[in-house]
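Colleague: As input, take my_file.cif (mmCIF, C-alpha atoms):
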data_start
loop_
_atom_site.group_PDB
_atom_site.id
_atom_site.type_symbol
_atom_site.label_atom_id
_atom_site.label_comp_id
_atom_site.auth_asym_id
_atom_site.auth_seq_id
_atom_site.Cartn_x
_atom_site.Cartn_y
_atom_site.Cartn_z
ATOM 1 C CA MET A 1 -13.591 28.796 19.273
ATOM 2 C CA ALA A 2 -12.315 27.102 16.123
ATOM 3 C CA LEU A 3 -12.361 23.309 15.970
ATOM 4 C CA TYR A 4 -8.830 23.399 14.585
ATOM 5 C CA ARG A 5 -6.573 26.268 13.664
ATOM 6 C CA GLY A 6 -2.906 26.125 12.824
ATOM 7 C CA GLU A 7 -0.326 27.200 10.281
ATOM 8 C CA LEU A 8 -0.813 25.513 6.916
ATOM 9 C CA TYR A 9 2.073 23.149 6.229
ATOM 10 C CA VAL A 10 3.256 23.100 2.613
ATOM 11 C CA ASP A 11 6.078 21.486 0.714
ATOM 12 C CA GLU A 12 7.308 23.672 -2.132
ATOM 13 C CA ALA A 13 8.293 21.939 -5.358
ATOM 14 C CA ALA A 14 8.975 24.991 -7.553
ATOM 15 C CA PRO A 15 9.170 28.781 -7.271
ATOM 16 C CA GLY A 16 5.759 30.410 -7.284
ATOM 17 C CA LEU A 17 4.045 28.641 -4.422
ATOM 18 C CA ALA A 18 4.858 31.463 -1.981
ATOM 19 C CA ARG A 19 2.600 33.827 -3.965
ATOM 20 C CA ILE A 20 -0.241 31.390 -3.468
ATOM 21 C CA VAL A 21 0.512 30.418 0.141
ATOM 22 C CA PRO A 22 2.201 33.372 1.869
ATOM 23 C CA GLU A 23 4.189 32.752 5.023
ATOM 24 C CA GLY A 24 1.928 32.444 8.061
ATOM 25 C CA THR A 25 -1.115 31.179 6.133
ATOM 26 C CA VAL A 26 -3.522 29.439 8.505
ATOM 27 C CA LEU A 27 -5.662 26.329 8.021
ATOM 28 C CA GLU A 28 -8.898 26.288 10.006
ATOM 29 C CA ALA A 29 -11.668 23.728 10.540
ATOM 30 C CA VAL A 30 -15.035 25.507 10.436
ATOM 31 C CA ALA A 31 -17.459 22.576 10.741
ATOM 32 C CA ASP A 32 -17.275 18.971 11.882
ATOM 33 C CA GLY A 33 -19.390 15.931 12.708
ATOM 34 C CA PHE A 34 -20.403 14.777 9.230
ATOM 35 C CA ILE A 35 -19.850 11.417 7.500
ATOM 36 C CA PHE A 36 -18.581 11.970 3.929
ATOM 37 C CA THR A 37 -18.576 15.602 2.800
ATOM 38 C CA GLU A 38 -18.302 16.568 -0.864
ATOM 39 C CA GLY A 39 -19.400 19.046 -3.525
ATOM 40 C CA PRO A 40 -18.812 22.472 -1.876
ATOM 41 C CA VAL A 41 -20.252 25.605 -3.544
ATOM 42 C CA TRP A 42 -20.205 29.194 -2.244
ATOM 43 C CA MET A 43 -23.505 31.061 -2.598
ATOM 44 C CA LYS A 44 -24.248 34.739 -1.968
ATOM 45 C CA GLU A 45 -27.808 35.061 -0.706
ATOM 46 C CA ASP A 46 -30.094 37.786 0.631
ATOM 47 C CA GLY A 47 -29.774 36.329 4.120
ATOM 48 C CA GLY A 48 -25.980 36.253 3.899
ATOM 49 C CA SER A 49 -23.361 34.217 2.072
ATOM 50 C CA ALA A 50 -23.128 30.504 2.821
ATOM 51 C CA LEU A 51 -21.169 27.410 1.867
ATOM 52 C CA TYR A 52 -23.340 24.613 0.482
ATOM 53 C CA PHE A 53 -21.900 21.103 0.559
ATOM 54 C CA THR A 54 -23.089 17.524 0.422
ATOM 55 C CA ASP A 55 -22.839 14.556 2.761
ATOM 56 C CA ILE A 56 -23.124 11.576 0.434
ATOM 57 C CA ARG A 57 -23.575 8.879 3.073
ATOM 58 C CA ASP A 58 -25.941 10.948 5.225
ATOM 59 C CA ASP A 59 -28.003 11.795 2.109
ATOM 60 C CA LYS A 60 -28.082 15.554 2.690
ATOM 61 C CA ILE A 61 -27.195 18.917 1.249
ATOM 62 C CA LEU A 62 -25.954 21.123 4.070
ATOM 63 C CA ARG A 63 -25.338 24.819 4.401
ATOM 64 C CA TRP A 64 -22.688 26.475 6.585
ATOM 65 C CA TRP A 65 -23.207 30.109 7.557
ATOM 66 C CA PRO A 66 -20.154 32.082 8.768
ATOM 67 C CA GLY A 67 -20.646 32.822 12.428
ATOM 68 C CA ARG A 68 -23.836 30.758 12.625
ATOM 69 C CA GLY A 69 -22.830 27.170 11.907
ATOM 70 C CA ALA A 70 -24.374 24.517 9.669
ATOM 71 C CA ASP A 71 -27.951 23.502 8.947
ATOM 72 C CA VAL A 72 -29.692 21.120 6.528
ATOM 73 C CA ALA A 73 -30.779 22.565 3.182
ATOM 74 C CA VAL A 74 -32.142 19.379 1.509
ATOM 75 C CA ALA A 75 -32.815 15.895 2.913
ATOM 76 C CA PRO A 76 -33.168 13.292 1.586
ATOM 77 C CA ALA A 77 -31.169 14.369 -1.464
ATOM 78 C CA GLY A 78 -30.450 11.250 -3.547
ATOM 79 C CA HIS A 79 -26.990 10.709 -2.016
ATOM 80 C CA PRO A 80 -25.637 13.859 -3.733
ATOM 81 C CA ASP A 81 -21.998 14.343 -4.715
ATOM 82 C CA GLY A 82 -20.688 17.317 -6.725
ATOM 83 C CA MET A 83 -22.603 20.573 -7.102
ATOM 84 C CA THR A 84 -22.349 23.714 -9.190
ATOM 85 C CA LEU A 85 -24.478 26.751 -10.113
ATOM 86 C CA ASP A 86 -26.381 27.789 -13.217
ATOM 87 C CA GLY A 87 -26.792 31.295 -14.607
ATOM 88 C CA GLU A 88 -29.545 32.068 -12.075
ATOM 89 C CA ASN A 89 -27.397 30.811 -9.184
ATOM 90 C CA ARG A 90 -29.528 27.721 -8.692
ATOM 91 C CA LEU A 91 -27.802 24.605 -7.392
ATOM 92 C CA ILE A 92 -27.126 21.938 -10.020
ATOM 93 C CA VAL A 93 -26.487 18.585 -8.346
ATOM 94 C CA ALA A 94 -24.747 15.390 -9.450
ATOM 95 C CA GLY A 95 -27.034 12.723 -8.024
ATOM 96 C CA PHE A 96 -24.455 10.088 -7.136
ATOM 97 C CA GLY A 97 -27.053 7.701 -5.731
ATOM 98 C CA ALA A 98 -30.136 9.007 -7.547
ATOM 99 C CA ARG A 99 -28.233 8.617 -10.849
ATOM 100 C CA THR A 100 -29.530 11.903 -12.202
ATOM 101 C CA ILE A 101 -28.489 15.496 -12.780
ATOM 102 C CA TRP A 102 -30.979 17.712 -10.996
ATOM 103 C CA ARG A 103 -31.614 21.358 -10.134
ATOM 104 C CA LEU A 104 -32.799 22.815 -6.843
ATOM 105 C CA GLU A 105 -35.334 25.526 -7.624
ATOM 106 C CA LYS A 106 -35.622 28.707 -5.587
ATOM 107 C CA ASP A 107 -38.922 27.497 -4.109
ATOM 108 C CA GLY A 108 -37.269 24.293 -2.864
ATOM 109 C CA SER A 109 -38.686 22.016 -5.542
ATOM 110 C CA VAL A 110 -36.510 19.739 -7.661
ATOM 111 C CA THR A 111 -36.233 19.530 -11.456
ATOM 112 C CA THR A 112 -34.553 16.503 -13.027
ATOM 113 C CA LEU A 113 -32.417 17.708 -15.944
ATOM 114 C CA CYS A 114 -30.950 14.404 -17.100
ATOM 115 C CA ALA A 115 -31.322 10.744 -16.121
ATOM 116 C CA ARG A 116 -30.267 8.697 -19.155
ATOM 117 C CA TRP A 117 -27.749 8.538 -21.981
ATOM 118 C CA HIS A 118 -28.956 6.805 -25.169
ATOM 119 C CA GLY A 119 -31.838 5.440 -23.133
ATOM 120 C CA LEU A 120 -29.519 3.900 -20.521
ATOM 121 C CA LYS A 121 -29.659 4.924 -16.873
ATOM 122 C CA LEU A 122 -26.644 6.999 -15.811
ATOM 123 C CA ASN A 123 -24.007 5.282 -13.689
ATOM 124 C CA SER A 124 -23.331 7.605 -10.714
ATOM 125 C CA PRO A 125 -22.732 11.260 -11.624
ATOM 126 C CA ASN A 126 -19.804 12.470 -9.555
ATOM 127 C CA ASP A 127 -18.416 15.956 -10.204
ATOM 128 C CA ILE A 128 -20.085 18.714 -12.201
ATOM 129 C CA ILE A 129 -19.445 22.203 -13.630
ATOM 130 C CA THR A 130 -21.246 24.743 -15.820
ATOM 131 C CA ARG A 131 -19.803 26.659 -18.760
ATOM 132 C CA SER A 132 -20.613 30.290 -19.560
ATOM 133 C CA ASP A 133 -23.174 29.103 -22.132
ATOM 134 C CA GLU A 134 -24.836 27.179 -19.246
ATOM 135 C CA SER A 135 -24.063 23.787 -20.670
ATOM 136 C CA ILE A 136 -23.299 21.260 -17.931
ATOM 137 C CA TYR A 137 -20.223 19.024 -17.906
ATOM 138 C CA PHE A 138 -20.078 16.059 -15.544
ATOM 139 C CA THR A 139 -18.226 12.832 -14.840
ATOM 140 C CA ASN A 140 -20.173 9.572 -14.776
ATOM 141 C CA PRO A 141 -18.119 6.812 -13.094
ATOM 142 C CA ASN A 142 -19.348 3.729 -11.230
ATOM 143 C CA GLY A 143 -18.680 4.807 -7.636
ATOM 144 C CA GLY A 144 -22.256 4.938 -6.410
ATOM 145 C CA LEU A 145 -22.903 1.440 -7.747
ATOM 146 C CA ASN A 146 -20.045 -0.057 -5.720
ATOM 147 C CA ASN A 147 -20.143 1.815 -2.399
ATOM 148 C CA VAL A 148 -22.568 0.540 0.215
ATOM 149 C CA GLY A 149 -24.656 3.394 1.600
ATOM 150 C CA MET A 150 -24.111 5.680 -1.378
ATOM 151 C CA GLY A 151 -26.420 4.161 -4.000
ATOM 152 C CA ASP A 152 -30.159 3.877 -4.537
ATOM 153 C CA TYR A 153 -32.237 0.708 -4.795
ATOM 154 C CA ASP A 154 -30.949 -0.004 -8.312
ATOM 155 C CA VAL A 155 -27.180 -0.583 -8.516
ATOM 156 C CA GLN A 156 -27.185 -2.308 -11.892
ATOM 157 C CA LYS A 157 -24.620 -0.901 -14.336
ATOM 158 C CA TYR A 158 -26.237 -0.151 -17.709
ATOM 159 C CA ILE A 159 -23.522 1.943 -19.398
ATOM 160 C CA PRO A 160 -20.412 -0.207 -19.845
ATOM 161 C CA THR A 161 -17.882 2.641 -19.786
ATOM 162 C CA GLN A 162 -17.088 5.490 -17.386
ATOM 163 C CA GLN A 163 -17.706 8.794 -19.074
ATOM 164 C CA VAL A 164 -17.381 12.549 -19.296
ATOM 165 C CA LEU A 165 -20.666 13.976 -20.587
ATOM 166 C CA ARG A 166 -21.983 17.378 -21.674
ATOM 167 C CA LEU A 167 -25.602 18.459 -21.322
ATOM 168 C CA ALA A 168 -26.466 21.456 -23.508
ATOM 169 C CA LEU A 169 -28.789 24.130 -22.132
ATOM 170 C CA GLY A 170 -32.376 22.904 -22.545
ATOM 171 C CA ALA A 171 -31.373 19.394 -23.602
ATOM 172 C CA THR A 172 -32.454 16.258 -21.722
ATOM 173 C CA GLU A 173 -29.903 13.837 -23.186
ATOM 174 C CA PRO A 174 -26.173 14.440 -22.745
ATOM 175 C CA GLU A 175 -23.512 13.989 -25.399
ATOM 176 C CA LEU A 176 -20.426 11.866 -24.858
ATOM 177 C CA LEU A 177 -17.097 13.695 -24.689
ATOM 178 C CA ALA A 178 -14.763 10.886 -23.566
ATOM 179 C CA ASP A 179 -14.999 7.426 -22.005
ATOM 180 C CA ASP A 180 -11.469 5.989 -21.842
ATOM 181 C CA PHE A 181 -11.067 6.239 -18.056
ATOM 182 C CA ASP A 182 -10.541 3.931 -15.119
ATOM 183 C CA ASN A 183 -12.398 6.346 -12.840
ATOM 184 C CA PRO A 184 -13.180 9.894 -14.063
ATOM 185 C CA ASN A 185 -13.764 12.182 -11.115
ATOM 186 C CA GLY A 186 -12.917 15.884 -10.694
ATOM 187 C CA ILE A 187 -13.611 18.311 -13.533
ATOM 188 C CA CYS A 188 -12.958 22.018 -14.151
ATOM 189 C CA PHE A 189 -12.211 24.602 -16.855
ATOM 190 C CA SER A 190 -9.282 26.958 -17.253
ATOM 191 C CA PRO A 191 -10.307 30.572 -16.464
ATOM 192 C CA ASP A 192 -10.990 31.323 -20.157
ATOM 193 C CA GLU A 193 -12.813 27.990 -20.597
ATOM 194 C CA ALA A 194 -10.429 27.087 -23.430
ATOM 195 C CA ILE A 195 -9.173 23.979 -21.610
ATOM 196 C CA LEU A 196 -11.153 21.235 -19.869
ATOM 197 C CA TYR A 197 -9.409 19.309 -17.093
ATOM 198 C CA VAL A 198 -10.581 15.900 -15.854
ATOM 199 C CA ASN A 199 -8.746 13.734 -13.366
ATOM 200 C CA ASP A 200 -8.732 9.949 -13.078
ATOM 201 C CA THR A 201 -8.604 8.714 -9.495
ATOM 202 C CA ARG A 202 -7.235 5.242 -10.198
ATOM 203 C CA ARG A 203 -4.612 6.420 -12.662
ATOM 204 C CA LYS A 204 -3.634 9.280 -10.307
ATOM 205 C CA HIS A 205 -3.374 11.828 -13.075
ATOM 206 C CA ILE A 206 -5.050 14.862 -14.653
ATOM 207 C CA ARG A 207 -5.857 15.067 -18.352
ATOM 208 C CA ALA A 208 -6.555 18.172 -20.447
ATOM 209 C CA TRP A 209 -8.444 18.889 -23.685
ATOM 210 C CA ASP A 210 -8.886 21.994 -25.792
ATOM 211 C CA VAL A 211 -12.504 23.178 -26.001
ATOM 212 C CA ARG A 212 -14.158 24.229 -29.277
ATOM 213 C CA PRO A 213 -16.683 27.103 -29.354
ATOM 214 C CA ASP A 214 -19.518 24.551 -29.609
ATOM 215 C CA GLY A 215 -18.385 22.928 -26.351
ATOM 216 C CA SER A 216 -16.867 19.775 -27.845
ATOM 217 C CA ILE A 217 -13.297 18.820 -26.947
ATOM 218 C CA PHE A 218 -10.158 17.732 -28.835
ATOM 219 C CA ASN A 219 -6.403 17.307 -28.436
ATOM 220 C CA GLY A 220 -6.542 15.216 -25.269
ATOM 221 C CA ARG A 221 -3.269 14.942 -23.353
ATOM 222 C CA LEU A 222 -1.743 14.172 -19.981
ATOM 223 C CA PHE A 223 -1.528 17.361 -17.909
ATOM 224 C CA ALA A 224 -0.047 16.233 -14.577
ATOM 225 C CA GLU A 225 0.293 13.382 -12.089
ATOM 226 C CA THR A 226 -0.509 13.511 -8.377
ATOM 227 C CA LEU A 227 2.464 11.832 -6.738
ATOM 228 C CA GLY A 228 3.058 10.815 -3.135
ATOM 229 C CA THR A 229 2.756 7.929 -0.716
ATOM 230 C CA GLU A 230 0.370 9.627 1.728
ATOM 231 C CA PRO A 231 -3.391 8.921 1.742
ATOM 232 C CA GLY A 232 -5.414 10.688 -0.937
ATOM 233 C CA GLY A 233 -5.818 10.802 -4.689
ATOM 234 C CA PRO A 234 -7.204 13.007 -7.451
ATOM 235 C CA ASP A 235 -10.814 13.911 -6.737
ATOM 236 C CA GLY A 236 -12.033 17.514 -6.522
ATOM 237 C CA MET A 237 -10.341 20.122 -8.709
ATOM 238 C CA ARG A 238 -10.470 23.930 -9.137
ATOM 239 C CA VAL A 239 -8.451 26.733 -10.808
ATOM 240 C CA ASP A 240 -7.465 30.239 -9.760
ATOM 241 C CA VAL A 241 -7.685 33.395 -11.898
ATOM 242 C CA GLU A 242 -4.103 32.913 -13.124
ATOM 243 C CA GLY A 243 -4.823 29.402 -14.381
ATOM 244 C CA ASN A 244 -3.109 27.403 -11.644
ATOM 245 C CA VAL A 245 -4.805 24.044 -11.096
ATOM 246 C CA TYR A 246 -5.622 22.769 -7.590
ATOM 247 C CA CYS A 247 -6.303 19.038 -7.277
ATOM 248 C CA THR A 248 -6.725 16.749 -4.307
ATOM 249 C CA GLY A 249 -4.001 14.135 -3.982
ATOM 250 C CA PRO A 250 -1.664 12.427 -1.520
ATOM 251 C CA ALA A 251 -1.264 14.628 1.600
ATOM 252 C CA GLY A 252 -3.956 17.163 0.657
ATOM 253 C CA ILE A 253 -4.064 19.664 -2.250
ATOM 254 C CA HIS A 254 -1.568 19.644 -5.143
ATOM 255 C CA VAL A 255 -1.063 22.958 -6.975
ATOM 256 C CA PHE A 256 0.128 22.963 -10.602
ATOM 257 C CA ASP A 257 0.943 25.934 -12.822
ATOM 258 C CA PRO A 258 -0.826 26.224 -16.226
ATOM 259 C CA ALA A 259 1.966 24.193 -17.860
ATOM 260 C CA GLY A 260 1.390 21.262 -15.500
ATOM 261 C CA ARG A 261 4.453 21.875 -13.322
ATOM 262 C CA LEU A 262 3.922 20.999 -9.657
ATOM 263 C CA LEU A 263 4.359 24.111 -7.502
ATOM 264 C CA GLY A 264 3.778 22.303 -4.221
ATOM 265 C CA ARG A 265 1.396 20.498 -1.903
ATOM 266 C CA LEU A 266 -0.868 21.903 0.801
ATOM 267 C CA HIS A 267 -1.052 19.377 3.660
ATOM 268 C CA THR A 268 -4.350 18.796 5.471
ATOM 269 C CA PRO A 269 -4.949 16.799 8.675
ATOM 270 C CA LYS A 270 -7.702 14.755 6.995
ATOM 271 C CA GLN A 271 -8.116 13.480 3.450
ATOM 272 C CA VAL A 272 -9.755 16.098 1.235
ATOM 273 C CA ALA A 273 -12.378 15.075 -1.330
ATOM 274 C CA ASN A 274 -13.284 18.403 -2.899
ATOM 275 C CA MET A 275 -12.886 22.178 -2.690
ATOM 276 C CA THR A 276 -14.345 25.505 -3.796
ATOM 277 C CA TRP A 277 -13.581 29.225 -3.650
ATOM 278 C CA GLY A 278 -15.545 31.492 -1.355
ATOM 279 C CA ASP A 279 -15.875 34.776 0.561
ATOM 280 C CA ASP A 280 -16.436 38.130 -1.103
ATOM 281 C CA ASP A 281 -13.020 38.264 -2.772
ATOM 282 C CA TRP A 282 -12.924 34.561 -3.772
ATOM 283 C CA ARG A 283 -9.582 34.108 -1.993
ATOM 284 C CA THR A 284 -10.727 31.565 0.600
ATOM 285 C CA LEU A 285 -10.367 27.921 -0.361
ATOM 286 C CA TYR A 286 -12.991 25.760 1.369
ATOM 287 C CA MET A 287 -12.209 22.032 1.509
ATOM 288 C CA THR A 288 -14.483 19.095 2.356
ATOM 289 C CA ALA A 289 -12.548 16.381 4.192
ATOM 290 C CA ARG A 290 -14.804 13.491 5.191
ATOM 291 C CA GLU A 291 -16.368 14.596 8.510
ATOM 292 C CA THR A 292 -14.716 18.045 8.494
ATOM 293 C CA VAL A 293 -14.822 21.258 6.444
ATOM 294 C CA TYR A 294 -11.603 23.325 6.329
ATOM 295 C CA ARG A 295 -10.777 26.746 4.940
ATOM 296 C CA THR A 296 -7.628 28.735 4.241
ATOM 297 C CA ARG A 297 -6.995 32.214 2.854
ATOM 298 C CA LEU A 298 -4.698 32.203 -0.184
ATOM 299 C CA GLY A 299 -2.808 34.843 -2.125
ATOM 300 C CA ILE A 300 -4.516 34.510 -5.523
ATOM 301 C CA PRO A 301 -8.311 34.620 -6.032
ATOM 302 C CA GLY A 302 -10.009 31.559 -7.446
ATOM 303 C CA VAL A 303 -12.535 31.003 -10.215
ATOM 304 C CA PRO A 304 -15.799 30.112 -8.452
ATOM 305 C CA HIS A 305 -18.719 27.946 -9.521
ATOM 306 C CA GLY A 306 -21.371 29.416 -11.810
ATOM 307 C CA PRO A 307 -21.329 31.783 -14.802
ATOM 308 C CA ARG A 308 -22.239 34.869 -12.746
ATOM 309 C CA TYR A 309 -19.616 34.395 -10.068
ATOM 310 C CA ARG A 310 -16.997 33.416 -12.647
ATOM 311 C CA ARG A 311 -17.484 36.741 -14.471
ATOM 312 C CA GLU A 312 -17.406 38.626 -11.166
ATOM 313 C CA ALA A 313 -14.153 37.029 -10.034
ATOM 314 C CA LEU A 314 -12.370 37.419 -13.367
ATOM 315 C CA ALA A 315 -13.533 41.033 -13.768
ATOM 316 C CA ALA A 316 -12.298 41.910 -10.286
ATOM 317 C CA ALA A 317 -8.923 40.363 -11.139
ATOM 318 C CA GLY A 318 -8.705 42.241 -14.462
ATOM 319 C CA LYS A 319 -8.889 39.007 -16.463
ATOM 320 C CA LEU A 320 -11.930 39.885 -18.618
#
Go ahead and express the file in the form of structure tokens.
Modeller:
Amino acid sequence: MALYRGELYVDEAAPGLARIVPEGTVLEAVADGFIFTEGPVWMKEDGGSALYFTDIRDDKILRWWPGRGADVAVAPAGHPDGMTLDGENRLIVAGFGARTIWRLEKDGSVTTLCARWHGLKLNSPNDIITRSDESIYFTNPNGGLNNVGMGDYDVQKYIPTQQVLRLALGATEPELLADDFDNPNGICFSPDEAILYVNDTRRKHIRAWDVRPDGSIFNGRLFAETLGTEPGGPDGMRVDVEGNVYCTGPAGIHVFDPAGRLLGRLHTPKQVANMTWGDDDWRTLYMTARETVYRTRLGIPGVPHGPRYRREALAAAGKL
């Protein structure tokens, strides 16, 4: 029996939301009993597909199997936050407390990909994505240095700013893309990877940049604001195959069209921190909400984590 199951409440702000959330769409809790869930990633494996997600405070990477429940994949895990996939479908982890970017190998071992910028220890890597060229983009705010129970033994801040960084394939030192934030958090690309989106939790907005072929960014601009008086703010962020942007915010998930126009808000019973696309057709949105993981089936497929799954989803939607 489901922990929670009910019709998904939405407030429509502009025409177009009904294509995304058809009438009768259901919100369901699939797992519960955690502390602070984050970083969900859908993985197709030989033993069956599973949702990987982190529990920052409990210092674990967990795995939820449809019909079988959740188990522990990695513990301790350096108080992990966001996760993504590389071209071999290996987990790439933003070590919020460990202050590193690391990869989980298929044999269960760990490879540290990045720990410093210009010789300075990273702040607390938060959210993370990979591009088709397998470069890694991640946000590097201060959160793990300020939150009791989320940091490691060293909570000294060495980098004075809060950054967005890019780690090229094979590199060990990231390059700076931007650092004029109050709190950079969620990060994602448009489906064609021509636009990079980064939100700022304290400023309650989403910014956008055009992306050059070499992976650098330019033409920064305000994309949208997450408005509302309910609990929640910009944190996790994803896109669907049509380029609509989904961002956590007051009340739950805010959905914007590619021009930055708010289409509407998807209300959740608990405050959502992050989300990912899953199931075979990439139409299920999985959401991590503190102690609970929710899912809902939507009308437009999403762009999943990882170069392989991204190509699969876009090809199936006729977007490649």
Colleague: Would you kindly return, as a short mmCIF file (atom, residue, chain, number, x, y, z; two decimals) with C-alpha atoms, keeping the file's coordinate frame, each protein, DNA or RNA residue with an atom no farther than 9 Å from any atom of Asn274 (chain A), considering only C-alpha atoms and excluding same-chain residues fewer than 6 positions away?
Modeller:
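Output file around.cif follows:
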data_model
loop_
_atom_site.label_atom_id
_atom_site.label_comp_id
_atom_site.auth_asym_id
_atom_site.auth_seq_id
_atom_site.Cartn_x
_atom_site.Cartn_y
_atom_site.Cartn_z
CA THR A 37 -18.58 15.60 2.80
CA GLU A 38 -18.30 16.57 -0.86
CA GLY A 39 -19.40 19.05 -3.52
CA PRO A 40 -18.81 22.47 -1.88
CA GLY A 82 -20.69 17.32 -6.72
CA GLY A 186 -12.92 15.88 -10.69
CA ASP A 235 -10.81 13.91 -6.74
CA GLY A 236 -12.03 17.51 -6.52
CA MET A 237 -10.34 20.12 -8.71
CA ARG A 238 -10.47 23.93 -9.14
CA CYS A 247 -6.30 19.04 -7.28
CA THR A 248 -6.72 16.75 -4.31
CA TYR A 286 -12.99 25.76 1.37
CA MET A 287 -12.21 22.03 1.51
CA THR A 288 -14.48 19.10 2.36
CA ALA A 289 -12.55 16.38 4.19
#
Colleague: Please write as a tab-separated table (two decimals) with C-alpha atoms, in the frame of the given file the full residue list that the PyMOL selection byres ((chain A and resi 203) around 10) yields on this file.
Modeller:
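Wrote part_0.tsv, looks like this:
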chain	number	residue	atom	x	y	z
A	181	PHE	CA	-11.07	6.24	-18.06
A	182	ASP	CA	-10.54	3.93	-15.12
A	183	ASN	CA	-12.40	6.35	-12.84
A	184	PRO	CA	-13.18	9.89	-14.06
A	199	ASN	CA	-8.75	13.73	-13.37
A	200	ASP	CA	-8.73	9.95	-13.08
A	201	THR	CA	-8.60	8.71	-9.49
A	202	ARG	CA	-7.24	5.24	-10.20
A	204	LYS	CA	-3.63	9.28	-10.31
A	205	HIS	CA	-3.37	11.83	-13.08
A	206	ILE	CA	-5.05	14.86	-14.65
A	225	GLU	CA	0.29	13.38	-12.09
A	226	THR	CA	-0.51	13.51	-8.38
A	233	GLY	CA	-5.82	10.80	-4.69
A	234	PRO	CA	-7.20	13.01	-7.45
Colleague: Can you pull out the residues contacting Leu85 (chain A)? Cut-off 8 Å, using all atoms listed in the file, and skip same-chain residues under 3 positions away; I want them as a list of chain:residue names.
Modeller: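 Neighbouring residues, sequence-local ones excluded: A:Val41, A:Glu88, A:Asn89, A:Arg90, A:Leu91, A:Ile92, A:Ile129, A:Thr130, A:His305, A:Gly306, A:Pro307.
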Colleague: Given the point (-30.1, 0.5, -13.2) in the file's coordinates, find the residues that have an atom at most 8 Å from it, counting all atoms listed in the file, and give them as a PyMOL selection string.
Modeller: chain A and resi 121-123+154-158
Colleague: Closest to Arg57 (chain A) among A:Ile35, A:Cys188, A:Leu104, A:Ala273, using only C-alpha atoms?
Modeller: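 Nearest to Arg57 (chain A): A:Ile35.
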Colleague: Would you kindly return, as a list in words, each protein, DNA or RNA residue with an atom no farther than 8 Å from any atom of Leu167 (chain A), considering only C-alpha atoms and excluding same-chain residues fewer than 6 positions away?
Modeller: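 Returned residues: Cys114, Ser135, Ile136, Tyr137, Glu173, Pro174 and Glu175 of chain A.
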Colleague: Can you measure CA of Leu169 (chain A) to CA of Glu45 (chain A) for me? One decimal in Å is fine.
Modeller: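 Interatomic distance, CA of Leu169 (chain A) to CA of Glu45 (chain A): 24.1 Å.
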Colleague: Neighbours of Glu28 (chain A) within 9 Å (all atoms listed in the file; same-chain residues fewer than 5 positions away dropped), as a ChimeraX atom specification?
Modeller: /A:2-8,293-296
Colleague: Excluding Pro304 (chain A) and residues on its chain fewer than 5 positions from it, collect all residues at most 12 Å away from it, counting only C-alpha atoms, and give them as a ChimeraX atom specification.
Modeller: /A:40-44,51,83-86,89,129-131,188-191,237-241,275-286,309-314
Colleague: Calculated over only C-alpha atoms, which of the candidates A:Asp133, A:Asp257, A:Asp58, A:Glu12 has the smallest distance to Asn244 (chain A)?
Modeller: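 For Asn244 (chain A), the nearest of the given residues is A:Asp257.
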Colleague: Record the distance separating CA of Arg166 (chain A) and CA of Ala115 (chain A), expressed in Å with one decimal.
Modeller: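 Between CA of Arg166 (chain A) and CA of Ala115 (chain A) the gap is 12.7 Å.
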Colleague: Could you please determine the separation between CA of Asp210 (chain A) and CA of Gly260 (chain A) in Å, to one decimal place?
Modeller: 14.6 Å
Colleague: Could you tell me which of A:Arg68, A:Lys319, A:Arg290, A:Arg261 comes closest to Leu17 (chain A) if we count only C-alpha atoms?
Modeller: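 When distances to Leu17 (chain A) are compared using only C-alpha atoms, the smallest one comes from A:Arg261.
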